[in-house]
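Colleague: mmCIF, C-alpha atoms, file input13.cif:
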data_data
loop_
_atom_site.label_atom_id
_atom_site.label_comp_id
_atom_site.auth_asym_id
_atom_site.auth_seq_id
_atom_site.Cartn_x
_atom_site.Cartn_y
_atom_site.Cartn_z
CA MET A 1 -11.11 -4.89 11.73
CA ASN A 2 -12.49 -4.79 8.18
CA ASN A 3 -10.79 -3.01 5.31
CA GLY A 4 -13.11 0.00 5.32
CA ARG A 5 -12.52 0.68 8.98
CA LYS A 6 -8.80 0.25 8.50
CA ALA A 7 -8.83 2.81 5.68
CA CYS A 8 -10.86 5.19 7.83
CA GLU A 9 -8.39 4.90 10.71
CA THR A 10 -5.47 5.57 8.39
CA LEU A 11 -7.12 8.61 6.82
CA LYS A 12 -7.97 9.91 10.26
CA ALA A 13 -4.36 9.51 11.33
CA VAL A 14 -3.18 11.38 8.24
CA ARG A 15 -5.57 14.25 8.99
CA LYS A 16 -4.37 14.36 12.58
CA GLN A 17 -0.75 14.43 11.50
CA ILE A 18 -1.38 17.33 9.12
CA ALA A 19 -3.36 19.20 11.75
CA ASP A 20 -0.74 18.73 14.46
CA LEU A 21 2.11 19.86 12.24
CA ASN A 22 0.24 22.98 11.20
CA ASP A 23 -1.14 23.93 14.62
CA ILE A 24 -4.71 23.24 13.59
CA HIS A 25 -7.06 22.33 16.38
CA TYR A 26 -8.57 19.03 15.30
CA ILE A 27 -10.09 16.27 17.35
CA PRO A 28 -11.17 13.36 15.14
CA SER A 29 -14.74 12.23 15.67
CA ASN A 30 -15.34 8.94 17.41
CA CYS A 31 -16.94 6.64 14.91
CA THR A 32 -20.02 4.94 16.26
CA HIS A 33 -20.78 3.08 13.06
CA SER A 34 -20.93 -0.66 13.53
CA GLY A 35 -20.03 -3.13 10.82
CA ASP A 36 -18.13 -2.56 7.58
CA CYS A 37 -17.81 0.81 5.94
CA LEU A 38 -16.44 2.28 2.72
CA GLY A 39 -13.45 3.89 4.41
CA THR A 40 -15.00 7.34 4.30
CA CYS A 41 -18.33 8.91 5.15
CA PRO A 42 -19.89 12.41 5.27
CA ILE A 43 -18.31 13.04 8.68
CA CYS A 44 -14.86 12.04 7.42
CA GLU A 45 -15.27 14.18 4.32
CA GLN A 46 -16.36 17.09 6.49
CA GLU A 47 -13.25 16.71 8.63
CA ARG A 48 -11.08 16.67 5.53
CA LYS A 49 -12.73 19.87 4.26
CA TYR A 50 -12.25 21.49 7.65
CA ILE A 51 -8.50 20.74 7.56
CA GLU A 52 -8.28 22.09 4.00
CA GLU A 53 -10.10 25.28 4.95
CA GLN A 54 -7.83 25.83 7.93
CA LEU A 55 -4.78 25.30 5.75
CA MET A 56 -6.10 27.83 3.25
CA ILE A 57 -6.59 30.39 5.99
CA LYS A 58 -3.03 29.87 7.17
CA ARG A 59 -1.71 30.07 3.63
CA LYS A 60 -3.49 33.39 3.06
CA ALA A 61 -2.03 34.64 6.30
CA GLY A 62 1.42 33.91 4.93
CA LYS A 63 2.16 30.92 7.14
CA ALA A 64 4.47 28.21 5.88
CA LEU A 65 2.55 24.95 5.61
CA LYS A 66 3.77 21.43 6.22
CA ILE A 67 1.89 19.05 3.99
CA ILE A 68 4.12 17.38 1.42
CA GLY A 69 5.10 13.93 2.62
CA VAL A 70 4.33 14.62 6.28
CA ALA A 71 2.32 11.44 6.62
CA ALA A 72 4.25 9.20 4.25
CA GLY A 73 5.19 6.98 7.15
CA LEU A 74 1.62 6.25 8.17
CA SER A 75 0.61 4.75 4.89
CA ALA A 76 4.00 3.14 4.29
CA ILE A 77 3.60 1.16 7.50
CA THR A 78 0.24 -0.01 6.32
CA SER A 79 1.78 -1.07 3.03
CA PHE A 80 4.39 -3.23 4.68
CA GLN A 81 1.84 -4.68 7.05
CA GLU A 82 -0.55 -5.62 4.27
CA ALA A 83 2.28 -6.94 2.15
CA ILE A 84 3.36 -9.30 4.88
CA ALA A 85 0.06 -10.26 6.38
CA GLN A 86 -2.54 -10.53 3.63
CA GLU A 87 -5.26 -12.83 4.94
CA SER A 88 -3.07 -15.29 6.73
CA THR A 89 -1.70 -15.42 10.22
CA MET A 90 1.60 -17.01 11.09
CA MET A 91 3.47 -18.05 14.18
CA ALA A 92 7.16 -17.33 14.59
CA ASP A 93 9.68 -18.54 17.19
CA SER A 94 9.27 -19.66 20.77
CA ILE A 95 7.97 -16.31 22.05
CA GLY A 96 5.33 -16.29 19.36
CA ALA A 97 4.52 -13.53 16.87
CA LYS A 98 1.27 -13.70 14.98
CA PHE A 99 1.09 -11.34 12.00
CA GLU A 100 -2.26 -9.86 11.16
CA TRP A 101 -3.32 -6.84 9.22
CA SER A 102 -1.68 -3.87 10.91
CA TYR A 103 0.11 -5.41 13.82
CA MET A 104 2.02 -8.38 15.02
CA TYR A 105 0.27 -10.15 17.83
CA TRP A 106 1.93 -12.19 20.52
CA GLN A 107 1.13 -15.53 22.04
CA THR A 108 3.27 -17.68 24.27
CA GLY A 109 4.36 -21.18 23.62
CA ALA A 110 4.16 -21.05 19.84
CA THR A 111 6.50 -23.06 17.69
CA ALA A 112 8.69 -21.75 14.92
CA ASN A 113 7.25 -21.40 11.43
CA PRO A 114 9.59 -20.92 8.49
CA ALA A 115 6.93 -19.02 6.55
CA ALA A 116 6.73 -16.39 9.30
CA MET A 117 10.49 -15.92 9.15
CA ASN A 118 10.02 -15.17 5.43
CA GLN A 119 7.64 -12.42 6.43
CA ILE A 120 10.27 -10.99 8.76
CA ASP A 121 12.67 -11.10 5.81
CA GLU A 122 10.22 -8.99 3.83
CA MET A 123 9.94 -6.55 6.72
CA ALA A 124 13.72 -6.20 6.77
CA GLU A 125 13.78 -5.55 3.02
CA PHE A 126 11.14 -2.88 3.45
CA ILE A 127 13.09 -1.10 6.20
CA LYS A 128 16.31 -1.26 4.20
CA LYS A 129 14.63 0.79 1.48
CA PHE A 130 14.74 3.73 3.89
CA PRO A 131 18.38 3.82 5.01
CA ASN A 132 18.15 7.47 5.97
CA ASP A 133 15.08 7.03 8.12
CA THR A 134 14.75 5.69 11.63
CA PHE A 135 11.97 3.37 12.67
CA LEU A 136 10.36 2.66 16.01
CA PHE A 137 9.27 -0.74 17.21
CA VAL A 138 6.66 -0.02 19.84
CA GLY A 139 5.81 -3.02 21.99
CA HIS A 140 2.40 -3.23 23.63
CA THR A 141 0.88 -5.64 26.11
CA ASP A 142 -2.64 -6.39 27.19
CA GLU A 143 -3.88 -4.79 30.39
CA ARG A 144 -3.21 -7.69 32.76
CA GLY A 145 -0.32 -7.56 35.20
CA SER A 146 1.58 -4.86 37.08
CA GLU A 147 2.71 -1.70 35.28
CA ASN A 148 6.40 -2.60 35.71
CA PHE A 149 5.85 -6.08 34.34
CA LYS A 150 3.94 -4.80 31.34
CA PHE A 151 6.57 -2.21 30.48
CA LYS A 152 9.38 -4.73 30.76
CA LEU A 153 7.53 -7.29 28.66
CA SER A 154 6.62 -4.80 25.95
CA LYS A 155 10.21 -3.58 25.75
CA VAL A 156 11.57 -7.13 25.55
CA ARG A 157 9.24 -7.87 22.65
CA ALA A 158 10.33 -4.75 20.78
CA GLU A 159 14.00 -5.50 21.43
CA TRP A 160 13.63 -9.11 20.33
CA MET A 161 12.04 -8.06 17.04
CA ARG A 162 14.79 -5.52 16.50
CA GLU A 163 17.43 -8.22 16.92
CA LEU A 164 15.75 -10.32 14.27
CA LEU A 165 15.78 -7.37 11.91
CA ILE A 166 19.41 -6.46 12.68
CA GLU A 167 20.39 -10.01 11.75
CA ARG A 168 18.83 -9.24 8.38
CA GLY A 169 20.65 -5.97 7.90
CA ALA A 170 17.87 -3.60 8.97
CA LYS A 171 19.55 -1.63 11.71
CA ASN A 172 17.87 1.75 11.92
CA ILE A 173 15.30 0.72 14.53
CA ILE A 174 14.63 1.98 18.06
CA PRO A 175 12.72 -0.44 20.33
CA ILE A 176 10.33 1.07 22.85
CA GLY A 177 8.00 -0.58 25.35
CA CYS A 178 4.68 1.10 25.90
CA GLY A 179 3.12 -1.38 28.31
CA SER A 180 -0.65 -1.28 28.05
CA LYS A 181 -0.89 2.49 27.61
CA GLU A 182 -2.27 2.27 24.05
CA PRO A 183 -4.77 -0.56 23.97
CA MET A 184 -6.46 -1.38 20.70
CA ILE A 185 -9.45 -2.49 22.75
CA PRO A 186 -9.70 -0.66 26.10
CA ASN A 187 -11.06 -2.67 29.04
CA ALA A 188 -10.67 -5.91 27.13
CA LYS A 189 -12.55 -8.83 28.64
CA THR A 190 -12.02 -11.84 26.38
CA GLU A 191 -8.87 -13.62 25.25
CA PRO A 192 -9.29 -12.52 21.62
CA GLU A 193 -9.58 -8.93 22.84
CA HIS A 194 -6.47 -9.32 25.01
CA GLU A 195 -4.68 -10.75 21.98
CA GLN A 196 -5.51 -7.69 19.92
CA ASN A 197 -3.93 -5.49 22.57
CA SER A 198 -0.79 -7.63 22.80
CA ARG A 199 1.18 -6.51 19.76
CA ILE A 200 4.07 -4.66 18.19
CA THR A 201 3.72 -1.71 15.87
CA LEU A 202 6.30 -0.51 13.40
CA GLU A 203 6.38 3.25 12.99
CA PHE A 204 8.50 5.88 11.35
CA TYR A 205 10.43 7.87 13.92
CA SER A 206 9.13 11.30 14.82
CA PRO A 207 10.16 13.50 17.78
CA ASN A 208 6.53 14.13 18.65
CA ARG A 209 5.85 10.44 18.85
CA ILE A 210 8.90 9.84 21.05
CA LYS A 211 7.77 12.60 23.36
CA GLU A 212 4.28 11.14 23.49
CA LEU A 213 5.62 7.69 24.36
CA GLU A 214 8.00 9.03 27.00
CA GLU A 215 5.15 10.84 28.69
CA LYS A 216 3.12 7.66 28.74
CA ILE A 217 6.03 5.65 30.13
CA GLN A 218 6.64 8.20 32.86
CA SER A 219 3.01 8.29 33.83
CA LYS A 220 3.00 4.59 34.85
CA MET B 1 -6.34 19.31 -26.25
CA GLY B 2 -7.34 18.15 -22.71
CA GLU B 3 -10.98 19.10 -23.33
CA GLU B 4 -11.24 17.10 -26.57
CA LEU B 5 -9.75 13.80 -25.50
CA THR B 6 -11.96 11.33 -23.63
CA ALA B 7 -11.62 7.81 -22.29
CA GLN B 8 -13.97 5.19 -20.92
CA PHE B 9 -13.54 3.90 -17.38
CA ILE B 10 -15.01 0.98 -15.50
CA GLY B 11 -14.35 2.47 -12.10
CA ILE B 12 -12.68 5.14 -9.99
CA MET B 13 -11.83 3.84 -6.53
CA ARG B 14 -10.67 6.16 -3.78
CA HIS B 15 -8.53 5.61 -0.71
CA ARG B 16 -6.42 2.71 -1.86
CA ILE B 17 -3.87 2.47 0.90
CA THR B 18 -0.64 1.31 -0.72
CA THR B 19 -2.20 -1.66 -2.53
CA ASP B 20 -1.77 0.22 -5.81
CA GLY B 21 1.22 2.43 -5.09
CA GLU B 22 2.90 4.22 -2.25
CA GLY B 23 0.83 6.43 -0.03
CA ILE B 24 -2.88 6.92 -0.48
CA THR B 25 -3.94 6.54 -4.10
CA THR B 26 -7.03 6.59 -6.25
CA LEU B 27 -7.27 3.69 -8.65
CA VAL B 28 -8.65 4.66 -12.06
CA ALA B 29 -9.56 1.63 -14.16
CA PHE B 30 -9.86 1.90 -17.94
CA HIS B 31 -12.18 -0.10 -20.10
CA GLY B 32 -10.52 -2.32 -22.73
CA CYS B 33 -7.69 -4.81 -22.70
CA PRO B 34 -5.87 -6.77 -25.43
CA LEU B 35 -5.75 -9.94 -23.33
CA LYS B 36 -8.39 -12.52 -22.51
CA CYS B 37 -7.10 -13.94 -19.26
CA GLN B 38 -8.92 -16.89 -17.80
CA TYR B 39 -8.91 -15.53 -14.25
CA CYS B 40 -9.27 -11.85 -15.05
CA LEU B 41 -10.34 -9.92 -11.95
CA ASN B 42 -12.16 -7.34 -14.07
CA PRO B 43 -13.64 -9.22 -17.05
CA GLN B 44 -16.19 -6.43 -17.44
CA CYS B 45 -13.37 -4.32 -18.86
CA ASN B 46 -13.76 -6.13 -22.18
CA LYS B 47 -17.53 -6.37 -22.36
CA LYS B 48 -19.27 -3.89 -24.64
CA GLU B 49 -22.34 -3.84 -22.43
CA THR B 50 -20.38 -2.77 -19.33
CA PRO B 51 -21.56 0.66 -18.17
CA THR B 52 -18.63 3.03 -18.33
CA LEU B 53 -17.76 6.48 -17.12
CA GLU B 54 -16.54 8.89 -19.76
CA ARG B 55 -14.03 11.48 -18.65
CA THR B 56 -11.70 14.00 -20.20
CA PRO B 57 -8.30 14.48 -18.53
CA PHE B 58 -9.60 17.66 -16.97
CA SER B 59 -12.86 16.21 -15.66
CA LEU B 60 -10.95 13.26 -14.23
CA LEU B 61 -8.57 15.65 -12.52
CA LYS B 62 -11.47 17.51 -10.95
CA GLU B 63 -12.95 14.28 -9.69
CA VAL B 64 -9.81 12.80 -8.13
CA SER B 65 -8.65 16.12 -6.68
CA ILE B 66 -10.99 15.59 -3.74
CA ASP B 67 -8.16 13.55 -2.21
CA ASN B 68 -5.38 16.00 -3.06
CA LEU B 69 -4.63 16.54 0.64
CA TYR B 70 -4.05 12.83 1.20
CA PHE B 71 -1.98 12.49 -1.98
CA GLN B 72 0.30 15.33 -0.98
CA ALA B 73 0.67 14.24 2.62
CA THR B 74 1.42 10.59 1.93
CA GLY B 75 3.31 10.74 -1.36
CA GLY B 76 0.34 9.20 -3.12
CA GLY B 77 -1.57 10.07 -6.25
CA VAL B 78 -3.33 8.26 -9.06
CA THR B 79 -2.82 4.70 -10.22
CA PHE B 80 -4.14 3.76 -13.64
CA GLY B 81 -5.27 0.18 -14.13
CA GLY B 82 -8.07 -1.52 -15.92
CA GLY B 83 -8.26 -3.11 -18.40
CA GLU B 84 -4.96 -2.13 -19.93
CA PRO B 85 -4.17 1.51 -19.13
CA LEU B 86 -1.23 1.82 -21.51
CA LEU B 87 -3.65 1.62 -24.43
CA GLN B 88 -4.68 5.10 -23.25
CA SER B 89 -1.18 6.44 -22.90
CA ARG B 90 -2.08 9.71 -24.58
CA PHE B 91 -4.88 10.32 -22.10
CA ILE B 92 -2.56 9.54 -19.20
CA ASP B 93 0.06 11.91 -20.59
CA GLU B 94 -2.50 14.72 -20.90
CA PHE B 95 -3.75 14.02 -17.41
CA HIS B 96 -0.27 14.09 -15.94
CA LYS B 97 0.37 17.50 -17.49
CA LEU B 98 -2.63 18.87 -15.61
CA CYS B 99 -2.08 17.40 -12.16
CA PRO B 100 0.06 18.80 -9.33
CA ALA B 101 3.72 17.93 -9.52
CA GLU B 102 3.60 16.35 -6.05
CA TRP B 103 1.21 13.62 -7.14
CA THR B 104 2.64 10.30 -8.20
CA ILE B 105 1.30 8.52 -11.26
CA ASN B 106 1.48 4.74 -11.23
CA ILE B 107 0.52 2.22 -13.88
CA GLU B 108 -0.69 -1.35 -13.45
CA THR B 109 -0.05 -3.04 -16.77
CA SER B 110 0.53 -6.29 -18.59
CA LEU B 111 2.95 -4.51 -21.01
CA SER B 112 1.13 -6.24 -23.86
CA VAL B 113 1.02 -3.01 -25.85
CA SER B 114 3.16 -1.42 -28.53
CA LEU B 115 6.36 0.24 -27.37
CA ASP B 116 5.08 3.68 -28.39
CA HIS B 117 2.52 3.56 -25.59
CA LEU B 118 5.19 2.73 -23.05
CA LYS B 119 7.48 5.48 -24.29
CA GLU B 120 4.70 8.04 -24.00
CA VAL B 121 4.48 7.64 -20.21
CA SER B 122 7.81 6.27 -19.04
CA SER B 123 9.39 9.63 -18.23
CA PHE B 124 6.84 10.63 -15.61
CA VAL B 125 5.38 7.40 -14.22
CA HIS B 126 6.56 6.85 -10.67
CA GLN B 127 6.02 3.10 -10.57
CA PHE B 128 5.01 0.40 -13.03
CA TYR B 129 3.32 -2.68 -11.58
CA ILE B 130 3.84 -5.22 -14.32
CA ASP B 131 1.90 -8.46 -14.28
CA ILE B 132 3.91 -10.58 -16.70
CA LYS B 133 1.74 -13.69 -16.13
CA ASP B 134 4.56 -16.08 -17.11
CA ILE B 135 7.70 -15.64 -19.19
CA ASN B 136 7.14 -18.97 -20.88
CA PRO B 137 5.52 -18.15 -24.26
CA ASP B 138 3.41 -21.32 -24.32
CA ILE B 139 1.99 -20.71 -20.85
CA TYR B 140 1.37 -17.07 -21.70
CA LEU B 141 -0.48 -17.91 -24.91
CA LYS B 142 -2.57 -20.57 -23.24
CA TYR B 143 -3.58 -18.27 -20.39
CA THR B 144 -4.10 -14.95 -22.19
CA GLY B 145 -4.83 -15.88 -25.78
CA GLN B 146 -1.93 -13.67 -26.98
CA ASN B 147 1.76 -14.23 -27.51
CA ASN B 148 4.16 -12.39 -25.24
CA GLN B 149 6.78 -11.19 -27.68
CA GLN B 150 5.69 -7.58 -27.25
CA VAL B 151 5.93 -7.97 -23.48
CA LEU B 152 9.48 -9.27 -23.79
CA ASN B 153 10.39 -6.46 -26.18
CA ASN B 154 9.02 -3.87 -23.77
CA LEU B 155 10.89 -5.40 -20.84
CA THR B 156 14.09 -5.24 -22.89
CA TRP B 157 13.46 -1.59 -23.71
CA ILE B 158 12.93 -0.83 -20.01
CA CYS B 159 16.33 -2.37 -19.32
CA GLU B 160 17.99 -0.42 -22.08
CA GLN B 161 16.63 2.76 -20.53
CA ASN B 162 17.72 1.68 -17.02
CA LEU B 163 14.20 1.95 -15.71
CA GLN B 164 14.14 -1.35 -13.86
CA ASP B 165 14.00 0.38 -10.52
CA LYS B 166 10.65 1.92 -11.44
CA CYS B 167 9.16 -1.54 -11.94
CA VAL B 168 7.56 -4.00 -9.57
CA ILE B 169 7.16 -7.29 -11.41
CA ARG B 170 4.14 -9.28 -10.38
CA LEU B 171 4.69 -13.00 -10.74
CA PRO B 172 1.42 -14.85 -10.35
CA LEU B 173 0.98 -18.48 -9.54
CA ILE B 174 -1.82 -19.31 -11.96
CA PRO B 175 -3.69 -22.49 -10.98
CA ASP B 176 -3.83 -25.02 -13.81
CA TYR B 177 -1.42 -22.97 -15.93
CA ASN B 178 1.93 -22.63 -14.20
CA THR B 179 3.85 -23.85 -11.18
CA GLU B 180 6.17 -22.40 -8.58
CA GLU B 181 9.02 -23.72 -10.67
CA ASP B 182 7.73 -21.68 -13.61
CA GLN B 183 7.56 -18.65 -11.31
CA ASP B 184 11.20 -19.23 -10.38
CA LYS B 185 12.18 -19.40 -14.04
CA SER B 186 10.33 -16.17 -14.78
CA GLN B 187 11.99 -14.46 -11.84
CA ASN B 188 15.45 -15.72 -12.80
CA TYR B 189 15.00 -14.48 -16.36
CA LEU B 190 13.93 -11.05 -15.16
CA GLN B 191 16.70 -10.83 -12.58
CA GLU B 192 19.16 -11.41 -15.40
CA LEU B 193 17.66 -8.31 -17.04
CA GLY B 194 18.28 -6.33 -13.88
CA PHE B 195 14.82 -6.28 -12.34
CA GLU B 196 14.96 -6.44 -8.56
CA HIS B 197 11.46 -5.83 -7.23
CA PHE B 198 9.14 -8.78 -7.35
CA ASN B 199 5.75 -9.59 -5.91
CA ARG B 200 4.84 -13.27 -5.98
CA PHE B 201 1.26 -14.18 -5.29
CA LYS B 202 -1.48 -16.58 -6.27
CA TYR B 203 -4.35 -15.75 -8.59
CA ILE B 204 -7.84 -15.96 -7.17
CA THR B 205 -9.79 -18.36 -9.34
CA HIS B 206 -13.19 -18.68 -7.72
CA ILE B 207 -14.46 -15.15 -8.49
CA ASN B 208 -14.30 -14.94 -12.27
CA LYS B 209 -13.46 -17.34 -15.03
CA GLY B 210 -12.60 -14.71 -17.64
CA THR B 211 -14.67 -13.58 -20.61
#
Show the structure stored in the file as structure tokens.
Modeller:
Amino acid sequence: MNNGRKACETLKAVRKQIADLNDIHYIPSNCTHSGDCLGTCPICEQERKYIEEQLMIKRKAGKALKIIGVAAGLSAITSFQEAIAQESTMMADSIGAKFEWSYMYWQTGATANPAAMNQIDEMAEFIKKFPNDTFLFVGHTDERGSENFKFKLSKVRAEWMRELLIERGAKNIIPIGCGSKEPMIPNAKTEPEHEQNSRITLEFYSPNRIKELEEKIQSK
Amino acid sequence: MGEELTAQFIGIMRHRITTDGEGITTLVAFHGCPLKCQYCLNPQCNKKETPTLERTPFSLLKEVSIDNLYFQATGGGVTFGGGEPLLQSRFIDEFHKLCPAEWTINIETSLSVSLDHLKEVSSFVHQFYIDIKDINPDIYLKYTGQNNQQVLNNLTWICEQNLQDKCVIRLPLIPDYNTEEDQDKSQNYLQELGFEHFNRFKYITHINKGT
């Protein structure tokens, strides 16, 4: 995914977070643009203005608004991910964790790489900067295999990563397996597409997100 | 006062996602820099013929406020770079007085400026990203064309004010100028001064060769 599209996805997520917390009905548009983009476009700007207008209406009606810092976690995750990934990909340990822009991808049979363990060190340092916050490691798999298998595998991945981080003093992490309920690329056909679905995401804890994940797990 | 003061900019870039500060930021790049670095990423910042944008603190505020919602939600704001932003410390101070308290103001700097500029902004800047090039004076002079005594003085002042925690020190590996061993020496020196946040990286050399 190019940088412009990444920025767009992050901004969209921030808008959604603000809307959800302030009971604003907002369904982000599906972007049909192909190729690179600037990270924003007239549609994105329109959506931002819509959110601002709705917030103003609520403010005038005397409602308390939740805006300040409500999406700090979304962009902070991106920061850590870009800080550790840059343009390189790395392999780590026998299970295999490949770090790319926003996510860590998984392959089997990889060999250990000391450089990748340095990246995990950086991740631990990042998490330790937020001792009063809780993080989620959400494990994902590609869509192949039974539901039970996928949930077990995704949870094992998340738990394994958490152990690595605990060894480095970053303890405030909850591992969760999501199976293939949140594919990056739905109905993936090729190995590269399956690889993009097979990943771990690091997120700031939020009750809404836990509830969302529990519903997905229970719906298997 | 805000309406009279102007500055020249080489660019205003929106939606920087944590590359120039926490949260979502807008990078505002000033024209003008005291250094002549061989691998400068923005050599146009020192060329007289570079087209620039002229803004007052108020007109800049109006322009960047389009992303106020993102700044407030993510703990972001405006990052000043360039060029050397601290040369325009007065402008930055005037700007900061106008903008919402929730915005963060960050500075990307070489610290190769007089201490007065640093003092003018230090109380309200959220984060300084300091590219010190190399602590070794010979390497610094060879790479930038300037000596680094002012940089060292400013770093010492930051320590005396206990502001190290506001600083991320960028330690570049500069091809043909320094080595990883030099980077280690720079880092060790700065750690002795109490700096704890470092970002080691390698300069890109194939884009520009400086002015």
Colleague: List the residues sitting within 9 Å of (-4.6, 23.1, 5.5) in the file's frame, using all atoms listed in the file, as a PDB file with C-alpha atoms, in the coordinates of the input.
Modeller:
ATOM      1  CA  ILE A  18      -1.380  17.330   9.120  1.00  0.00           C
ATOM      2  CA  ALA A  19      -3.360  19.200  11.750  1.00  0.00           C
ATOM      3  CA  ASN A  22       0.240  22.980  11.200  1.00  0.00           C
ATOM      4  CA  ILE A  24      -4.710  23.240  13.590  1.00  0.00           C
ATOM      5  CA  LYS A  49     -12.730  19.870   4.260  1.00  0.00           C
ATOM      6  CA  TYR A  50     -12.250  21.490   7.650  1.00  0.00           C
ATOM      7  CA  ILE A  51      -8.500  20.740   7.560  1.00  0.00           C
ATOM      8  CA  GLU A  52      -8.280  22.090   4.000  1.00  0.00           C
ATOM      9  CA  GLU A  53     -10.100  25.280   4.950  1.00  0.00           C
ATOM     10  CA  GLN A  54      -7.830  25.830   7.930  1.00  0.00           C
ATOM     11  CA  LEU A  55      -4.780  25.300   5.750  1.00  0.00           C
ATOM     12  CA  MET A  56      -6.100  27.830   3.250  1.00  0.00           C
ATOM     13  CA  ILE A  57      -6.590  30.390   5.990  1.00  0.00           C
ATOM     14  CA  LYS A  58      -3.030  29.870   7.170  1.00  0.00           C
ATOM     15  CA  ARG A  59      -1.710  30.070   3.630  1.00  0.00           C
ATOM     16  CA  LEU A  65       2.550  24.950   5.610  1.00  0.00           C
ATOM     17  CA  LYS A  66       3.770  21.430   6.220  1.00  0.00           C
ATOM     18  CA  ILE A  67       1.890  19.050   3.990  1.00  0.00           C
TER      19      ILE A  67
ATOM     20  CA  LEU B  69      -4.630  16.540   0.640  1.00  0.00           C
TER      21      LEU B  69
END
Colleague: When distances are computed from all atoms listed in the file, which of B:Glu108, B:Glu192, B:Glu120, B:Asp67 shows the smallest separation from chain A?
Modeller: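 Comparing B:Glu108, B:Glu192, B:Glu120, B:Asp67 against chain A, the winner is B:Asp67.
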Colleague: What's the separation between CA of Ile169 in chain B and CA of Phe128 in chain B, in Å to one decimal place?
Modeller: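 Taking CA of Ile169 in chain B and CA of Phe128 in chain B, their separation equals 8.1 Å.
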Colleague: Check the smallest atom-to-atom distance from each of B:Asn68, B:Asn199, B:Thr50, B:Thr18 to chain A using all atoms listed in the file, then report the winner.
Modeller: B:Thr18
Colleague: Would you compute, for all listed atoms of range 194-197 of chain A, the axis-aligned bounding box grown by 8 Å on each side, and then report its centre and edge lengths in Å rounded to one decimal, as AutoDock Vina command-line options?
Modeller:
--center_x -5.2 --center_y -8.1 --center_z 22.5 --size_x 18.5 --size_y 21.3 --size_z 21.1
Colleague: Run the PyMOL selection byres ((chain B and resi 149) around 12) on the file and write out the hits as an MDAnalysis selection string.
Modeller: chainID B and resid 111:115 132 134:138 140:141 146:148 150:156
Colleague: Excluding same-chain residues fewer than 4 positions from range 35-39 of chain B, what lies within 12 Å of it counting only C-alpha atoms, as a ChimeraX atom specification?
Modeller: /B:43-47,82-84,87,109-113,131-133,139-148,151,172-177,202-211
Colleague: Select, as a PyMOL selection string, those residues of chain B with any atom no more than 9 Å from chain A (distances computed using only C-alpha atoms).
Modeller: chain B and resi 14-19+21-24+67+69-76+102
Colleague: Figure out the distance between CA of Lys62 in chain B and CA of Asn42 in chain B, please, to one decimal in Å.
Modeller: 25.1 Å
Colleague: Which is closest to Asp165 in chain B among B:Phe30, B:Phe95, B:Phe198, B:Trp103, if we use only C-alpha atoms?
Modeller: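 Ranking B:Phe30, B:Phe95, B:Phe198, B:Trp103 by distance to Asp165 in chain B, first place goes to B:Phe198.
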Colleague: Rank nothing, just name the residue among A:Leu21, A:Leu136, A:Cys41, A:Ile120 nearest to Tyr205 in chain A, using all atoms listed in the file.
Modeller: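 When distances to Tyr205 in chain A are compared using all atoms listed in the file, the smallest one comes from A:Leu136.
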Colleague: Just the number, please: distance in Å from CA of Glu181 in chain B to CA of Gln164 in chain B, one decimal.
Modeller: 23.2 Å
